[in-house]
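Inspection log for the structure reproduced underneath, given as structure tokens.
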Amino acid sequence: MKKTVFICMFALVMMMVSFAYGFSDVNDNDWFYENVTEMTGNGYLSGYEDGSFRPAGIITKAELVSVICRVNAIKEKKARNAHWSGGMMTAALDAGYYDWDEIPPSGEAYDEPITRQLAVKIVMKAFLPDIKGDYNAVSQTVKDFSQLDGRYYDSVIAAYCNGIVFGDNEGNINPKAYMTRAEACAIIMRAANKKGDLKPYEKPVASETPVTPSKSGVNVNGKLRVEDNKLVNDKGESVVLHGMSSHGLQWFSSFTAEEAIKATADYGANLFRCAMYTDEGGYISNASMKDTLISAVDNAVKHDMYVIIDWHILSDGNPLLYVDEAEKFFAEMSFKYKDNPAVIYEICNEPNGNISWGENVKPYAERIISVIRKNSDGIILVGNPTWSQDLHEVAKSPLDAENIMYTCHFYAGTHTDWLRERILDCGLPVFISEWGTSAADGNGGVYLDEAQKWIDFMNEHSISWANWSLCDKNESSAAIVSGADMSDGISEDELTESGKFVFSNF
């Protein structure tokens, strides 16, 4: 899905169209024509690649705020999360354009549609914060005034009295309806012109975070492949990857920001796993998670780390449930990163429930592998039933494909000698793409004695691994203490008991 016309410059390339004054769906007799063309001419927004503007499309909270910041010449600040608009949203929140409970800084609401009443408040706070209106006149004139929430009275009344917003043909302002792109352009430009002193948008130069030097990253090892059931580098030498997995991107995207990933690399990690859930508020219901994932992948690549794109099925159990969506997703990702040796594809996190390798997971894997192989011969990680622990079943009928590894997931408080024996007995190339120091539910422990047995086992057999997880969730498997600020790195006292153990083993 293409990003909308309101894109943040640091997250996506700003696609300015050469026919800024000639959108295919914007005519000179449209009521919003002047507003749209003025914004385009000043570089505040751009159109879709097909030359359309899509005026009736709904604008999201992040899109509206980002455009307002451009028009108002507000500079980005350090992002509180990994969302493409994070720097603009932080700047707008700090400037008082909106309150934290209206658009929480964690980022999970950034891609939600914005209501007209909240949009008007943000516009007025940004451009005309001191202008007032007449409560009595508006409350008696606007038919649906009673639907307006009290916290938006002042802004909406001021906007109505000063010609920033108007009622519809029936005298309604529809405060809780979602705002379209055309409406957003209109109210932004009316307010901006009333304020005056408009200047064309100039894209700022992003400050560069120093790249972490690595003795075991992509620059040293290059493109990986599988030989004799082992992971080897471009020279044919055995290589082991070790690092962290994110938690669900829809919940803990801030821990995939560049500073967090760099801080992890600074401890010696050469791998980062981006866990993009499919269900549970993930990609299937919220396609913007793809943008969050891409940002995380690019952050890891920048810091010389190998990075796993994880199609994180869990509650959805059977990978065939969303196989069509998976094909489309991996076709896009494998094309985007086809020339990047850092990217690894994990095509099904933890198949589970009433499924089998032969009936469900293997046919799914064959379909997805064929899609990826059209673009890339990179490493592909394949999960298996019972939360990626049924390697013995895979061994009976492995995939006929190259550069394939099979994942095994363990948690030290639940999985012990029996699973280590299964790994040794299966005769397959194994990659531990998720493990924890806790019990299987993420809590209990921390089971450091058993975790050390696993570390020794993986070291002995040159097995790569990613630990669950880089976040501050209130569970014992989390690596970061609650409220830690990783913008300046990760100090030892910002690591949990689990985090200290895992980071010491990079």
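Identifiers for the structure tokens are assigned positionally: chains receive A, B, ... in sequence, residues are indexed from 1 per chain, and ligands are indexed from 1 in the order shown.
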- Item | Nearby residues (only C-alpha atoms) at most 6 Å from Val307 (chain A), same-chain spacing under 6 positions excluded, as a PyMOL selection string | chain A and resi 271-273+342-344
Those in region 98-277 of chain A with helix (DSSP H, G or I) from DSSP, as an mmCIF file with N, CA and C atoms, in the first residue's frame:
```cif
data_model
loop_
_atom_site.group_PDB
_atom_site.id
_atom_site.type_symbol
_atom_site.label_atom_id
_atom_site.label_comp_id
_atom_site.auth_asym_id
_atom_site.auth_seq_id
_atom_site.Cartn_x
_atom_site.Cartn_y
_atom_site.Cartn_z
ATOM 1 N N ARG A 116 -12.603 15.349 13.250
ATOM 2 C CA ARG A 116 -12.592 16.757 12.865
ATOM 3 C C ARG A 116 -12.321 17.657 14.070
ATOM 4 N N GLN A 117 -12.878 17.328 15.223
ATOM 5 C CA GLN A 117 -12.693 18.209 16.379
ATOM 6 C C GLN A 117 -11.239 18.211 16.852
ATOM 7 N N LEU A 118 -10.584 17.057 16.841
ATOM 8 C CA LEU A 118 -9.177 17.025 17.232
ATOM 9 C C LEU A 118 -8.309 17.710 16.179
ATOM 10 N N ALA A 119 -8.628 17.502 14.911
ATOM 11 C CA ALA A 119 -7.865 18.151 13.844
ATOM 12 C C ALA A 119 -7.943 19.666 13.953
ATOM 13 N N VAL A 120 -9.136 20.173 14.208
ATOM 14 C CA VAL A 120 -9.311 21.619 14.331
ATOM 15 C C VAL A 120 -8.520 22.153 15.521
ATOM 16 N N LYS A 121 -8.544 21.429 16.625
ATOM 17 C CA LYS A 121 -7.774 21.867 17.788
ATOM 18 C C LYS A 121 -6.292 21.975 17.443
ATOM 19 N N ILE A 122 -5.742 20.954 16.783
ATOM 20 C CA ILE A 122 -4.319 20.962 16.463
ATOM 21 C C ILE A 122 -3.982 22.110 15.524
ATOM 22 N N VAL A 123 -4.823 22.331 14.532
ATOM 23 C CA VAL A 123 -4.596 23.435 13.589
ATOM 24 C C VAL A 123 -4.605 24.772 14.316
ATOM 25 N N MET A 124 -5.597 24.980 15.190
ATOM 26 C CA MET A 124 -5.699 26.260 15.885
ATOM 27 C C MET A 124 -4.557 26.460 16.874
ATOM 28 N N LYS A 125 -4.171 25.417 17.583
ATOM 29 C CA LYS A 125 -3.044 25.514 18.510
ATOM 30 C C LYS A 125 -1.752 25.834 17.767
ATOM 31 N N ALA A 126 -1.619 25.301 16.561
ATOM 32 C CA ALA A 126 -0.397 25.493 15.795
ATOM 33 C C ALA A 126 -0.296 26.892 15.197
ATOM 34 N N PHE A 127 -1.402 27.400 14.657
ATOM 35 C CA PHE A 127 -1.341 28.648 13.891
ATOM 36 C C PHE A 127 -1.973 29.862 14.579
ATOM 37 N N TYR A 135 -19.046 31.875 22.046
ATOM 38 C CA TYR A 135 -19.713 30.615 22.400
ATOM 39 C C TYR A 135 -21.202 30.672 22.075
ATOM 40 N N ASN A 136 -21.863 31.726 22.491
ATOM 41 C CA ASN A 136 -23.313 31.801 22.303
ATOM 42 C C ASN A 136 -23.689 31.770 20.829
ATOM 43 N N ALA A 137 -22.942 32.516 20.017
ATOM 44 C CA ALA A 137 -23.265 32.569 18.591
ATOM 45 C C ALA A 137 -23.107 31.194 17.947
ATOM 46 N N VAL A 138 -22.013 30.480 18.287
ATOM 47 C CA VAL A 138 -21.748 29.187 17.650
ATOM 48 C C VAL A 138 -22.707 28.119 18.181
ATOM 49 N N SER A 139 -22.925 28.104 19.484
ATOM 50 C CA SER A 139 -23.794 27.068 20.061
ATOM 51 C C SER A 139 -25.224 27.181 19.552
ATOM 52 N N GLN A 140 -25.637 28.374 19.187
ATOM 53 C CA GLN A 140 -26.993 28.559 18.671
ATOM 54 C C GLN A 140 -27.080 28.371 17.162
ATOM 55 N N THR A 141 -25.949 28.472 16.482
ATOM 56 C CA THR A 141 -25.930 28.378 15.024
ATOM 57 C C THR A 141 -25.661 26.965 14.531
ATOM 58 N N PHE A 145 -23.906 21.100 17.659
ATOM 59 C CA PHE A 145 -22.935 21.595 18.636
ATOM 60 C C PHE A 145 -22.879 20.695 19.867
ATOM 61 N N SER A 146 -23.973 20.092 20.236
ATOM 62 C CA SER A 146 -24.033 19.245 21.432
ATOM 63 C C SER A 146 -23.150 18.001 21.306
ATOM 64 N N GLN A 147 -22.784 17.637 20.086
ATOM 65 C CA GLN A 147 -21.936 16.468 19.892
ATOM 66 C C GLN A 147 -20.466 16.784 20.126
ATOM 67 N N GLY A 150 -16.346 18.804 25.294
ATOM 68 C CA GLY A 150 -16.052 20.065 25.960
ATOM 69 C C GLY A 150 -14.628 20.547 25.801
ATOM 70 N N ARG A 151 -13.674 19.637 25.747
ATOM 71 C CA ARG A 151 -12.273 20.051 25.664
ATOM 72 C C ARG A 151 -11.954 20.726 24.334
ATOM 73 N N TYR A 152 -12.862 20.601 23.348
ATOM 74 C CA TYR A 152 -12.619 21.194 22.035
ATOM 75 C C TYR A 152 -13.452 22.450 21.783
ATOM 76 N N TYR A 153 -14.210 22.869 22.783
ATOM 77 C CA TYR A 153 -15.058 24.061 22.609
ATOM 78 C C TYR A 153 -14.264 25.262 22.108
ATOM 79 N N ASP A 154 -13.237 25.645 22.854
ATOM 80 C CA ASP A 154 -12.527 26.883 22.548
ATOM 81 C C ASP A 154 -11.948 26.875 21.134
ATOM 82 N N SER A 155 -11.296 25.791 20.766
ATOM 83 C CA SER A 155 -10.656 25.729 19.449
ATOM 84 C C SER A 155 -11.667 25.746 18.316
ATOM 85 N N VAL A 156 -12.704 24.928 18.441
ATOM 86 C CA VAL A 156 -13.693 24.838 17.369
ATOM 87 C C VAL A 156 -14.490 26.135 17.250
ATOM 88 N N ILE A 157 -14.856 26.721 18.371
ATOM 89 C CA ILE A 157 -15.597 27.989 18.347
ATOM 90 C C ILE A 157 -14.752 29.078 17.691
ATOM 91 N N ALA A 158 -13.478 29.168 18.072
ATOM 92 C CA ALA A 158 -12.588 30.164 17.473
ATOM 93 C C ALA A 158 -12.429 29.915 15.973
ATOM 94 N N ALA A 159 -12.297 28.651 15.584
ATOM 95 C CA ALA A 159 -12.132 28.327 14.164
ATOM 96 C C ALA A 159 -13.390 28.680 13.376
ATOM 97 N N TYR A 160 -14.544 28.409 13.947
ATOM 98 C CA TYR A 160 -15.814 28.683 13.260
ATOM 99 C C TYR A 160 -16.032 30.193 13.112
ATOM 100 N N CYS A 161 -15.771 30.933 14.165
ATOM 101 C CA CYS A 161 -16.000 32.380 14.139
ATOM 102 C C CYS A 161 -15.012 33.128 13.247
ATOM 103 N N ARG A 181 -8.623 14.349 3.356
ATOM 104 C CA ARG A 181 -7.408 15.063 2.974
ATOM 105 C C ARG A 181 -7.720 16.462 2.434
ATOM 106 N N ALA A 182 -8.795 16.540 1.685
ATOM 107 C CA ALA A 182 -9.168 17.846 1.144
ATOM 108 C C ALA A 182 -9.548 18.802 2.267
ATOM 109 N N GLU A 183 -10.328 18.319 3.235
ATOM 110 C CA GLU A 183 -10.711 19.167 4.368
ATOM 111 C C GLU A 183 -9.485 19.602 5.160
ATOM 112 N N ALA A 184 -8.544 18.676 5.347
ATOM 113 C CA ALA A 184 -7.331 19.006 6.089
ATOM 114 C C ALA A 184 -6.541 20.117 5.386
ATOM 115 N N CYS A 185 -6.384 19.992 4.076
ATOM 116 C CA CYS A 185 -5.684 21.043 3.316
ATOM 117 C C CYS A 185 -6.368 22.393 3.504
ATOM 118 N N ALA A 186 -7.694 22.383 3.442
ATOM 119 C CA ALA A 186 -8.439 23.640 3.521
ATOM 120 C C ALA A 186 -8.248 24.334 4.863
ATOM 121 N N ILE A 187 -8.444 23.605 5.959
ATOM 122 C CA ILE A 187 -8.359 24.282 7.263
ATOM 123 C C ILE A 187 -6.918 24.663 7.593
ATOM 124 N N ILE A 188 -5.955 23.846 7.154
ATOM 125 C CA ILE A 188 -4.555 24.189 7.414
ATOM 126 C C ILE A 188 -4.183 25.479 6.696
ATOM 127 N N MET A 189 -4.533 25.577 5.426
ATOM 128 C CA MET A 189 -4.143 26.752 4.663
ATOM 129 C C MET A 189 -4.926 27.994 5.077
ATOM 130 N N ARG A 190 -6.192 27.848 5.446
ATOM 131 C CA ARG A 190 -6.941 29.014 5.943
ATOM 132 C C ARG A 190 -6.277 29.564 7.198
ATOM 133 N N ALA A 191 -5.929 28.667 8.123
ATOM 134 C CA ALA A 191 -5.309 29.104 9.370
ATOM 135 C C ALA A 191 -3.908 29.657 9.127
ATOM 136 N N ALA A 192 -3.135 28.985 8.263
ATOM 137 C CA ALA A 192 -1.768 29.424 8.002
ATOM 138 C C ALA A 192 -1.742 30.789 7.325
ATOM 139 N N ASN A 193 -2.645 30.985 6.376
ATOM 140 C CA ASN A 193 -2.700 32.280 5.690
ATOM 141 C C ASN A 193 -3.180 33.396 6.608
ATOM 142 N N LYS A 194 -4.055 33.046 7.531
ATOM 143 C CA LYS A 194 -4.514 34.060 8.488
ATOM 144 C C LYS A 194 -3.377 34.465 9.415
ATOM 145 N N LYS A 195 -2.550 33.483 9.789
ATOM 146 C CA LYS A 195 -1.371 33.788 10.600
ATOM 147 C C LYS A 195 -0.361 34.597 9.792
ATOM 148 N N VAL A 218 27.949 -7.437 9.093
ATOM 149 C CA VAL A 218 27.780 -7.640 7.663
ATOM 150 C C VAL A 218 29.033 -7.232 6.893
ATOM 151 N N ASN A 219 29.674 -6.149 7.309
ATOM 152 C CA ASN A 219 30.861 -5.675 6.590
ATOM 153 C C ASN A 219 31.985 -6.705 6.600
ATOM 154 N N VAL A 220 32.056 -7.511 7.644
ATOM 155 C CA VAL A 220 33.095 -8.534 7.745
ATOM 156 C C VAL A 220 32.668 -9.831 7.058
ATOM 157 N N ASN A 221 31.424 -10.230 7.274
ATOM 158 C CA ASN A 221 30.988 -11.559 6.824
ATOM 159 C C ASN A 221 30.269 -11.575 5.485
ATOM 160 N N LEU A 249 5.929 -5.210 17.288
ATOM 161 C CA LEU A 249 6.134 -3.839 16.825
ATOM 162 C C LEU A 249 4.943 -2.946 17.113
ATOM 163 N N GLN A 250 3.743 -3.533 17.198
ATOM 164 C CA GLN A 250 2.566 -2.705 17.457
ATOM 165 C C GLN A 250 2.524 -2.210 18.894
ATOM 166 N N TRP A 251 3.316 -2.808 19.757
ATOM 167 C CA TRP A 251 3.317 -2.412 21.173
ATOM 168 C C TRP A 251 4.616 -1.713 21.593
ATOM 169 N N PHE A 252 5.741 -2.161 21.086
ATOM 170 C CA PHE A 252 7.033 -1.694 21.596
ATOM 171 C C PHE A 252 7.950 -1.210 20.467
ATOM 172 N N SER A 253 7.385 -0.427 19.566
ATOM 173 C CA SER A 253 8.181 0.038 18.428
ATOM 174 C C SER A 253 9.313 0.965 18.851
ATOM 175 N N SER A 254 9.198 1.626 20.000
ATOM 176 C CA SER A 254 10.251 2.557 20.419
ATOM 177 C C SER A 254 11.585 1.847 20.612
ATOM 178 N N PHE A 255 11.552 0.549 20.861
ATOM 179 C CA PHE A 255 12.788 -0.199 21.073
ATOM 180 C C PHE A 255 13.417 -0.668 19.761
ATOM 181 N N THR A 256 12.822 -0.236 18.639
ATOM 182 C CA THR A 256 13.454 -0.467 17.336
ATOM 183 C C THR A 256 13.944 0.847 16.732
ATOM 184 N N GLU A 258 16.571 3.892 16.100
ATOM 185 C CA GLU A 258 17.995 3.724 15.799
ATOM 186 C C GLU A 258 18.853 3.719 17.056
ATOM 187 N N GLU A 259 18.538 4.591 18.015
ATOM 188 C CA GLU A 259 19.365 4.659 19.214
ATOM 189 C C GLU A 259 19.329 3.341 19.996
ATOM 190 N N ALA A 260 18.154 2.704 20.056
ATOM 191 C CA ALA A 260 18.032 1.446 20.789
ATOM 192 C C ALA A 260 18.808 0.336 20.099
ATOM 193 N N ILE A 261 18.695 0.278 18.769
ATOM 194 C CA ILE A 261 19.407 -0.761 18.031
ATOM 195 C C ILE A 261 20.917 -0.524 18.094
ATOM 196 N N LYS A 262 21.347 0.719 17.958
ATOM 197 C CA LYS A 262 22.773 1.029 18.078
ATOM 198 C C LYS A 262 23.300 0.637 19.457
ATOM 199 N N ALA A 263 22.508 0.917 20.500
ATOM 200 C CA ALA A 263 22.938 0.582 21.854
ATOM 201 C C ALA A 263 23.132 -0.922 22.008
ATOM 202 N N THR A 264 22.278 -1.694 21.359
ATOM 203 C CA THR A 264 22.407 -3.154 21.394
ATOM 204 C C THR A 264 23.653 -3.595 20.644
ATOM 205 N N ALA A 265 23.881 -2.994 19.485
ATOM 206 C CA ALA A 265 25.086 -3.316 18.715
ATOM 207 C C ALA A 265 26.355 -2.952 19.487
ATOM 208 N N ASP A 266 26.288 -1.888 20.267
ATOM 209 C CA ASP A 266 27.463 -1.460 21.030
ATOM 210 C C ASP A 266 27.913 -2.520 22.038
#
```
- Message: Show me, as a VMD selection string, the residues that have an atom within 10 Å of region 77-82 of chain A when counting only C-alpha atoms, minus same-chain residues fewer than 3 positions from it.
- Response: chain A and resid 11 74 85 to 92 94 105 to 108 249 252 to 260 291 to 296 299 485 487
- Task: Excluding Asp111 (chain A) and residues on its chain fewer than 4 positions from it, collect all residues at most 7 Å away from it, counting only C-alpha atoms, and give them as a list in words.
- Result: Thr60, Lys61, Ala62 and Ser288 of chain A
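Each of A:Lys473, A:His303, A:Arg54, A:Lys336 was checked against Ser246 (chain A) using only C-alpha atoms; the smallest atom-to-atom distance is that of A:Lys473.
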- Please measure the separation of CA of Glu346 (chain A) and CA of Arg422 (chain A), giving the value in Å to one decimal. 20.9 Å
- Within 7 Å of region 460-467 of chain A, counting only C-alpha atoms, which residues qualify if same-chain residues fewer than 3 places away don't, as an MDAnalysis selection string? chainID A and resid 240:245 273 430:436 456:457
Using all heavy atoms, can you export the residues from the last selection as a compact mmCIF listing (two decimals), in the first residue's frame?
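Output contents, as saved in again.txt:
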```txt
# COMPACT_ATOMS: atom_id res chain seq x y z
N VAL A 240 28.47 -17.20 13.46
CA VAL A 240 27.37 -17.30 14.42
C VAL A 240 26.80 -15.91 14.66
O VAL A 240 27.55 -14.97 14.92
CB VAL A 240 27.84 -17.91 15.76
CG1 VAL A 240 26.68 -17.97 16.75
CG2 VAL A 240 28.41 -19.30 15.54
N LEU A 241 25.50 -15.79 14.55
CA LEU A 241 24.82 -14.53 14.82
C LEU A 241 24.20 -14.59 16.21
O LEU A 241 23.67 -15.63 16.63
CB LEU A 241 23.73 -14.27 13.78
CG LEU A 241 24.17 -14.32 12.31
CD1 LEU A 241 23.01 -13.98 11.40
CD2 LEU A 241 25.35 -13.39 12.07
N HIS A 242 24.27 -13.47 16.92
CA HIS A 242 23.68 -13.42 18.26
C HIS A 242 23.19 -12.01 18.53
O HIS A 242 23.90 -11.04 18.27
CB HIS A 242 24.69 -13.84 19.33
CG HIS A 242 26.09 -13.38 19.06
ND1 HIS A 242 27.16 -14.24 18.91
CD2 HIS A 242 26.60 -12.13 18.88
CE1 HIS A 242 28.26 -13.53 18.67
NE2 HIS A 242 27.94 -12.26 18.66
N GLY A 243 21.97 -11.90 19.01
CA GLY A 243 21.42 -10.57 19.25
C GLY A 243 20.06 -10.64 19.91
O GLY A 243 19.75 -11.59 20.62
N MET A 244 19.25 -9.63 19.63
CA MET A 244 17.96 -9.49 20.29
C MET A 244 16.82 -9.54 19.29
O MET A 244 16.96 -9.15 18.14
CB MET A 244 17.89 -8.16 21.04
CG MET A 244 18.87 -8.02 22.19
SD MET A 244 18.68 -9.29 23.48
CE MET A 244 17.01 -8.93 24.07
N SER A 245 15.69 -9.99 19.79
CA SER A 245 14.43 -9.85 19.06
C SER A 245 13.65 -8.71 19.67
O SER A 245 13.68 -8.50 20.89
CB SER A 245 13.60 -11.13 19.15
OG SER A 245 12.31 -10.95 18.57
N ARG A 273 16.20 -8.97 15.36
CA ARG A 273 14.99 -9.59 14.81
C ARG A 273 13.80 -8.66 15.00
O ARG A 273 13.54 -8.18 16.11
CB ARG A 273 14.72 -10.92 15.51
CG ARG A 273 13.45 -11.66 15.06
CD ARG A 273 13.33 -12.92 15.90
NE ARG A 273 12.26 -13.81 15.51
CZ ARG A 273 11.27 -14.20 16.32
NH1 ARG A 273 11.19 -13.70 17.56
NH2 ARG A 273 10.37 -15.06 15.90
N VAL A 430 19.81 -25.61 12.05
CA VAL A 430 18.90 -25.03 13.05
C VAL A 430 19.35 -23.62 13.41
O VAL A 430 20.54 -23.35 13.57
CB VAL A 430 18.84 -25.91 14.31
CG1 VAL A 430 18.00 -25.24 15.40
CG2 VAL A 430 18.26 -27.28 13.97
N PHE A 431 18.37 -22.74 13.55
CA PHE A 431 18.60 -21.35 13.95
C PHE A 431 17.64 -21.05 15.10
O PHE A 431 16.43 -21.20 14.96
CB PHE A 431 18.31 -20.43 12.76
CG PHE A 431 18.82 -19.01 12.89
CD1 PHE A 431 19.82 -18.55 12.06
CD2 PHE A 431 18.29 -18.14 13.84
CE1 PHE A 431 20.29 -17.25 12.15
CE2 PHE A 431 18.75 -16.84 13.94
CZ PHE A 431 19.75 -16.39 13.10
N ILE A 432 18.17 -20.64 16.25
CA ILE A 432 17.33 -20.31 17.41
C ILE A 432 16.90 -18.85 17.25
O ILE A 432 17.57 -17.93 17.73
CB ILE A 432 18.08 -20.50 18.74
CG1 ILE A 432 18.66 -21.90 18.85
CG2 ILE A 432 17.15 -20.20 19.93
CD1 ILE A 432 17.67 -23.00 19.02
N SER A 433 15.80 -18.62 16.58
CA SER A 433 15.39 -17.24 16.30
C SER A 433 14.62 -16.61 17.46
O SER A 433 14.31 -15.42 17.41
CB SER A 433 14.53 -17.19 15.03
OG SER A 433 13.37 -17.97 15.16
N GLU A 434 14.33 -17.40 18.50
CA GLU A 434 13.70 -16.82 19.70
C GLU A 434 13.97 -17.73 20.88
O GLU A 434 13.72 -18.93 20.83
CB GLU A 434 12.20 -16.64 19.49
CG GLU A 434 11.48 -16.05 20.71
CD GLU A 434 9.98 -15.90 20.48
OE1 GLU A 434 9.59 -15.49 19.37
OE2 GLU A 434 9.20 -16.21 21.40
N TRP A 435 14.49 -17.13 21.95
CA TRP A 435 14.62 -17.86 23.21
C TRP A 435 14.57 -16.88 24.36
O TRP A 435 14.85 -15.70 24.20
CB TRP A 435 15.92 -18.67 23.26
CG TRP A 435 17.18 -17.86 23.42
CD1 TRP A 435 17.92 -17.27 22.43
CD2 TRP A 435 17.85 -17.55 24.65
NE1 TRP A 435 19.00 -16.61 22.95
CE2 TRP A 435 19.00 -16.77 24.31
CE3 TRP A 435 17.62 -17.85 25.99
CZ2 TRP A 435 19.88 -16.29 25.28
CZ3 TRP A 435 18.49 -17.38 26.95
CH2 TRP A 435 19.62 -16.61 26.60
N GLY A 436 14.19 -17.39 25.53
CA GLY A 436 14.09 -16.53 26.70
C GLY A 436 14.65 -17.17 27.94
O GLY A 436 14.76 -18.41 28.03
N ASP A 456 25.86 -22.51 26.51
CA ASP A 456 26.99 -23.41 26.28
C ASP A 456 26.70 -24.34 25.10
O ASP A 456 27.57 -24.60 24.26
CB ASP A 456 27.29 -24.23 27.54
CG ASP A 456 27.78 -23.39 28.70
OD1 ASP A 456 28.23 -22.24 28.45
OD2 ASP A 456 27.69 -23.86 29.85
N PHE A 457 25.48 -24.84 25.04
CA PHE A 457 25.07 -25.74 23.96
C PHE A 457 25.13 -25.03 22.61
O PHE A 457 25.68 -25.56 21.63
CB PHE A 457 23.65 -26.24 24.24
CG PHE A 457 23.05 -27.05 23.13
CD1 PHE A 457 23.36 -28.40 22.99
CD2 PHE A 457 22.16 -26.47 22.24
CE1 PHE A 457 22.79 -29.16 21.97
CE2 PHE A 457 21.59 -27.22 21.22
CZ PHE A 457 21.91 -28.56 21.07
```
- Item | Interatomic distance (Å, one decimal) between CA of His392 (chain A) and CA of Cys426 (chain A) |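 Rounded to one decimal, the two atoms are 5.5 Å apart.
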